[in-house]
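These notes are about the structure you will find just below.
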Amino acid sequence: MNKVGFFRSIQLKFIIIYILLLILAVQVIGSFFTSRLEDDLTTTFKQSINERVEMLSYNLEQAFIRERSEEDPSLEQGIQTIIEDVNTDNLATTIHVYDNQRRILGTNRLDGRSEIGRKTTDIDVKNTLLFDTSQKKPYFDRETDSRVYVYVEPLVGNDGKTVGAIQFKASMEEVYDQIEGINNIFLQGSILAISISAILGILVARTITKPIQEMREQALIMSNGDFTQQLEIYGRDEIGQLAEAFNDLNSRLKHSYATIEEERRKLSSVLSYMSDGVIATDDSGAVTLMNDAAARMIGLNPDDVIGEDLIDVLKLEEKVVDISKLPDSGSIIIDFSDEETPFIIRANFSTVVDEEEETTGFITVISDVTEQEKIDQERRDFVSNVSHELRTPLTTMKSYLEALSDGAWENKEIAPRFLEVTQKETDRMIRMVNDLLQLSKMDSDELPMHKERTEFMGYVQQVLDRYEMNLPETITLERNIPKGKSFVWMDRDKITQVFDNIITNAFKYSPEGGKVRVNLDVRRHIVIVSILDEGVGIPYDKLDKIFDRFYRADRARTRKLGGTGLGLAITKELVEAHHGKIWAQSKEGRGTTILFTLPLMGSKRGKGK
């Protein structure tokens, strides 16, 4: 880049500006001179007053201490003569002489002769006589609307005691009139100098400010994302070269902005369509970005959480105190569940660092793991329950077999009973394993279904007829089945298993002399089957759990009756496989009702089949 000549450089423009500043400095010096002149004039004025007061004080003190005969003039006359001989050169000057009792003994004012002999209330005179000190001060006299300088001097006798005081009041308006005149001269000169400096300053500054103004406007345009315009170059000085550099910067920014915008759109698309939530924060933990997935998970508006602390947003106060410790924790399980809906998320944390390995922020990825946690918990519960259910019969069998091996097999009374118990426990384990295999096949959709069009009313009558043949003597079976025909698309064997599980449970839990009722209710699109017993009932808080695997409302009684705890779980899976629903209603001491629905076939489909 070529070197800029002196006469084309910005330095020359600055020199002109400095000359203008020098002119302004002269004006400042003039103002300082005016201030000093005011001080000198007021000081000279006060010195003149002080000299007059000193001369008057001397003459008046001589008058006070002079011995008088009857033929000599009185003290008042002598004092008045001394005052009248004083040339004040100012009609506004007032001289008063007081004795030590603050009585006026003389004055130079013709209109004040009537006050001679009266006491004054002037505070300055009072302080002078009381403390034997001089009082000097300027003040503004509201009566004459002028600035006045007051000098009160004590008069001392031969014995050193104060015998009186002299008060000298002189107007300072003449001094300030002189100062005002000088100020007017300086003001006129300053206005002229400033006017000339302003004109020259505008002409010179315009050559500098115009390109800078255009650069500012261009910067504002660039800040809005418009990089299409270029600056006009007026010369080859430093500002001209700055304009060239600015245009080059504009071109580079245009390219960089296009690249960044493309990457931003890609990132925005990725964040918008991610199923996982993403939260970005600065190094202090304040949220700077949140995608829609994260907002939906935590139930907050992304715009409302900007600037909020990440620990507060994710409700981690009890788990984490310092935001910088989050990445070290790896992942955290956060429970957002309420009383009605379980909701668990997993949060993974990572640190954002710059080129110098300094932490500039944090990235948090959150995902909904409610179902996964639920499945994991069910798996853990399932393993625990299976282990528990198998351990009980195996422990019983082991005990009986050990007894038999120890010689009990020779006892013809005990051995058959031991073998019978072992066989029952074996059968129970076989039933349990078969039930588990069936549930496993249903979970993996491997259980074969042989559905067919079935007239449901007649089918239920056949199932109940089979129970009537083997009904316990202490139990009564009551059926309430409407007349007519309703068709259901179902697997007869699987629905028969549903009835077997529910009715068998009703028989088991019904007391002697109890009644089991089977009701059918045909609705518009479904048939509702309800099976009621008169057992002990189930607590309200356990109704939703009776369809869980291995759950028993009364564990001791269920094991005694040979149950595996899987019957109702299998029943639920089979009903839902037929697109139905199953639920329970119960009150403790008043029995239990198991209800399930099955969809009815449409009339067109029924004719087709």
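Please note that chains go A, B, ... in the order of the structure tokens, that every chain numbers its residues from 1, and that ligands are numbered from 1 in the order shown.
For Gly78 in chain A, the residues within 12 Å (counting only C-alpha atoms, excluding itself and residues fewer than 4 positions away along the chain) are Asn59, Leu60, Glu61, Gln62, Ala63, Phe64, Ile65, Arg66, Glu67, Arg68, Asp72, Pro73, Ser74, Ile82, Ile83, Glu84, Asp85, Val97, Leu105, Gly106 and Thr107 of chain A.
Taking CA of Arg517 in chain A and CA of Arg428 in chain A as endpoints, the distance between them is 28.1 Å.
Residue-level DSSP output for range 95-153 of chain A, from the backbone, shows alpha helix (DSSP H) at Ile123, Asp124, Val125, Lys126, Asn127, Thr128, Leu129, Leu130 and Phe131 of chain A.
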Write out, as a PDB file, in the first residue's frame, the residues just selected, with N, CA and C atoms.
ATOM      1  N   ILE A 123     -26.741  43.083  63.876  1.00  0.00           N
ATOM      2  CA  ILE A 123     -26.027  41.946  64.475  1.00  0.00           C
ATOM      3  C   ILE A 123     -24.521  42.095  64.348  1.00  0.00           C
ATOM      4  N   ASP A 124     -24.054  42.715  63.236  1.00  0.00           N
ATOM      5  CA  ASP A 124     -22.614  42.909  63.069  1.00  0.00           C
ATOM      6  C   ASP A 124     -22.059  43.849  64.127  1.00  0.00           C
ATOM      7  N   VAL A 125     -22.786  44.936  64.402  1.00  0.00           N
ATOM      8  CA  VAL A 125     -22.358  45.875  65.432  1.00  0.00           C
ATOM      9  C   VAL A 125     -22.360  45.200  66.792  1.00  0.00           C
ATOM     10  N   LYS A 126     -23.388  44.441  67.049  1.00  0.00           N
ATOM     11  CA  LYS A 126     -23.509  43.741  68.329  1.00  0.00           C
ATOM     12  C   LYS A 126     -22.328  42.785  68.539  1.00  0.00           C
ATOM     13  N   ASN A 127     -21.976  42.003  67.496  1.00  0.00           N
ATOM     14  CA  ASN A 127     -20.870  41.043  67.599  1.00  0.00           C
ATOM     15  C   ASN A 127     -19.530  41.757  67.776  1.00  0.00           C
ATOM     16  N   THR A 128     -19.375  42.900  67.085  1.00  0.00           N
ATOM     17  CA  THR A 128     -18.116  43.655  67.191  1.00  0.00           C
ATOM     18  C   THR A 128     -17.911  44.162  68.604  1.00  0.00           C
ATOM     19  N   LEU A 129     -18.965  44.756  69.220  1.00  0.00           N
ATOM     20  CA  LEU A 129     -18.863  45.282  70.571  1.00  0.00           C
ATOM     21  C   LEU A 129     -18.724  44.163  71.595  1.00  0.00           C
ATOM     22  N   LEU A 130     -19.384  43.018  71.299  1.00  0.00           N
ATOM     23  CA  LEU A 130     -19.378  41.923  72.270  1.00  0.00           C
ATOM     24  C   LEU A 130     -18.049  41.167  72.272  1.00  0.00           C
ATOM     25  N   PHE A 131     -17.491  40.910  71.076  1.00  0.00           N
ATOM     26  CA  PHE A 131     -16.289  40.080  70.980  1.00  0.00           C
ATOM     27  C   PHE A 131     -15.033  40.895  70.670  1.00  0.00           C
TER      28      PHE A 131
END
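Of the residues listed (A:Ile298, A:Leu471, A:Val86, A:Val522), A:Val86 shows the shortest atom-to-atom separation from Arg52 in chain A; distances use only C-alpha atoms.
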Hey, what does DSSP flag as strand (DSSP E) within range 287-535 of chain A? Can you give it to me as JSON, numbers by chain?
{"A": [287, 288, 289, 290, 331, 332, 333, 334, 335, 344, 345, 346, 347, 348, 349, 350, 351, 352, 353, 359, 360, 361, 362, 363, 364, 365, 366, 367, 368, 452, 453, 454, 455, 476, 477, 478, 479, 480, 487, 488, 489, 490, 515, 516, 517, 518, 519, 520, 521, 522, 526, 527, 528, 529, 530, 531, 532]}
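Taking CA of Val175 in chain A as the reference point, CA of Ser35 in chain A is found at 13.0 Å.
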Neighbour list for Ser486 in chain A as a PyMOL selection string, cut-off 7 Å, only C-alpha atoms, skip fewer than 3 positions in-chain
chain A and resi 455-457+600
Go ahead and save the residues from that selection, with all heavy atoms, as a JSON list (two decimals), in the first residue's frame.
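Output file out09.json is given in full below:
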[["chain", "number", "residue", "atom", "x", "y", "z"],
["A", 455, "GLU", "N", -71.24, -66.87, 17.38],
["A", 455, "GLU", "CA", -72.45, -66.33, 17.98],
["A", 455, "GLU", "C", -72.22, -66.33, 19.49],
["A", 455, "GLU", "O", -72.17, -67.39, 20.12],
["A", 455, "GLU", "CB", -73.66, -67.18, 17.60],
["A", 455, "GLU", "CG", -75.00, -66.45, 17.80],
["A", 455, "GLU", "CD", -75.38, -66.35, 19.28],
["A", 455, "GLU", "OE1", -75.46, -67.40, 19.94],
["A", 455, "GLU", "OE2", -75.54, -65.20, 19.75],
["A", 456, "PHE", "N", -72.08, -65.14, 20.09],
["A", 456, "PHE", "CA", -71.52, -65.02, 21.43],
["A", 456, "PHE", "C", -72.49, -65.49, 22.52],
["A", 456, "PHE", "O", -72.07, -66.10, 23.51],
["A", 456, "PHE", "CB", -71.11, -63.55, 21.68],
["A", 456, "PHE", "CG", -70.22, -63.37, 22.86],
["A", 456, "PHE", "CD1", -68.93, -63.86, 22.86],
["A", 456, "PHE", "CD2", -70.69, -62.74, 24.01],
["A", 456, "PHE", "CE1", -68.11, -63.70, 23.96],
["A", 456, "PHE", "CE2", -69.87, -62.58, 25.11],
["A", 456, "PHE", "CZ", -68.57, -63.07, 25.08],
["A", 457, "MET", "N", -73.80, -65.24, 22.36],
["A", 457, "MET", "CA", -74.75, -65.61, 23.41],
["A", 457, "MET", "C", -74.78, -67.13, 23.59],
["A", 457, "MET", "O", -74.71, -67.65, 24.72],
["A", 457, "MET", "CB", -76.15, -65.08, 23.08],
["A", 457, "MET", "CG", -76.19, -63.59, 22.85],
["A", 457, "MET", "SD", -75.50, -62.68, 24.26],
["A", 457, "MET", "CE", -75.50, -61.03, 23.59],
["A", 600, "LEU", "N", -68.29, -56.13, 18.68],
["A", 600, "LEU", "CA", -69.23, -56.90, 17.87],
["A", 600, "LEU", "C", -68.90, -56.76, 16.40],
["A", 600, "LEU", "O", -68.34, -55.74, 15.96],
["A", 600, "LEU", "CB", -70.66, -56.42, 18.13],
["A", 600, "LEU", "CG", -71.20, -56.64, 19.55],
["A", 600, "LEU", "CD1", -72.57, -55.97, 19.70],
["A", 600, "LEU", "CD2", -71.31, -58.13, 19.86]]
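Using only C-alpha atoms, the smallest distance between any of A:Met601, A:Leu187, A:Thr396, A:Tyr234 and Lys210 in chain A comes from A:Tyr234.
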Neighbouring residues of Leu242 in chain A were defined as those with any atom within 12 Å, considering only C-alpha atoms; residues of the same chain fewer than 4 positions away were excluded. Please report them as a PyMOL selection string.
chain A and resi 1+10+208+211-212+214-215+231-238+246-249
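Using only C-alpha atoms, the residues found no farther than 6 Å from Arg102 in chain A, other than those of its own chain fewer than 4 positions away, are A:Tyr98, A:Lys119, A:Thr120.
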Of A:Lys315, A:Arg492, A:His525, A:Arg453, the one sitting nearest Ile332 in chain A when using only C-alpha atoms is A:Lys315
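If only C-alpha atoms are the atoms counted, then among A:Leu267, A:Leu24, A:Val150, A:Ile104 the closest residue to Leu192 in chain A is A:Leu24.
In this model, the gap between CA of Ser586 in chain A and CA of Val516 in chain A comes to 14.1 Å.
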Pick from A:Ala294, A:Asn158, A:Asn434, A:Asn50, whichever lies nearest to Gln135 in chain A using only C-alpha atoms:
A:Asn50
Range 422-426 of chain A: which residues within 8 Å, counting only C-alpha atoms, same-chain residues fewer than 2 positions away excluded, as a PDB file with C-alpha atoms, in the first residue's frame?
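Final output, saved to out-v9.pdb:
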ATOM      1  CA  PRO A 393     -42.313 -74.712  45.841  1.00  0.00           C
ATOM      2  CA  LEU A 394     -38.708 -75.726  45.287  1.00  0.00           C
ATOM      3  CA  THR A 396     -41.009 -77.259  49.898  1.00  0.00           C
ATOM      4  CA  MET A 397     -40.077 -80.045  47.492  1.00  0.00           C
ATOM      5  CA  TYR A 400     -39.972 -83.291  51.585  1.00  0.00           C
ATOM      6  CA  LEU A 401     -37.448 -85.056  49.361  1.00  0.00           C
ATOM      7  CA  PHE A 418     -45.004 -86.250  51.098  1.00  0.00           C
ATOM      8  CA  LEU A 419     -45.147 -87.528  47.538  1.00  0.00           C
ATOM      9  CA  GLU A 420     -48.596 -85.989  47.062  1.00  0.00           C
ATOM     10  CA  ARG A 428     -47.988 -75.830  40.245  1.00  0.00           C
ATOM     11  CA  MET A 429     -44.534 -75.064  38.856  1.00  0.00           C
ATOM     12  CA  ILE A 430     -45.505 -76.668  35.530  1.00  0.00           C
TER      13      ILE A 430
END
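Restricting the calculation to only C-alpha atoms, the smallest distance between Val26 in chain A and any of A:Ile594, A:Val369, A:Ala193, A:Met469 is found for A:Ala193.
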Residue contacts of Phe362 in chain A (10 Å, only C-alpha atoms) excluding same-chain residues fewer than 5 positions away, as a ChimeraX atom specification
/A:279-288,310,323-324,326-327,349-353
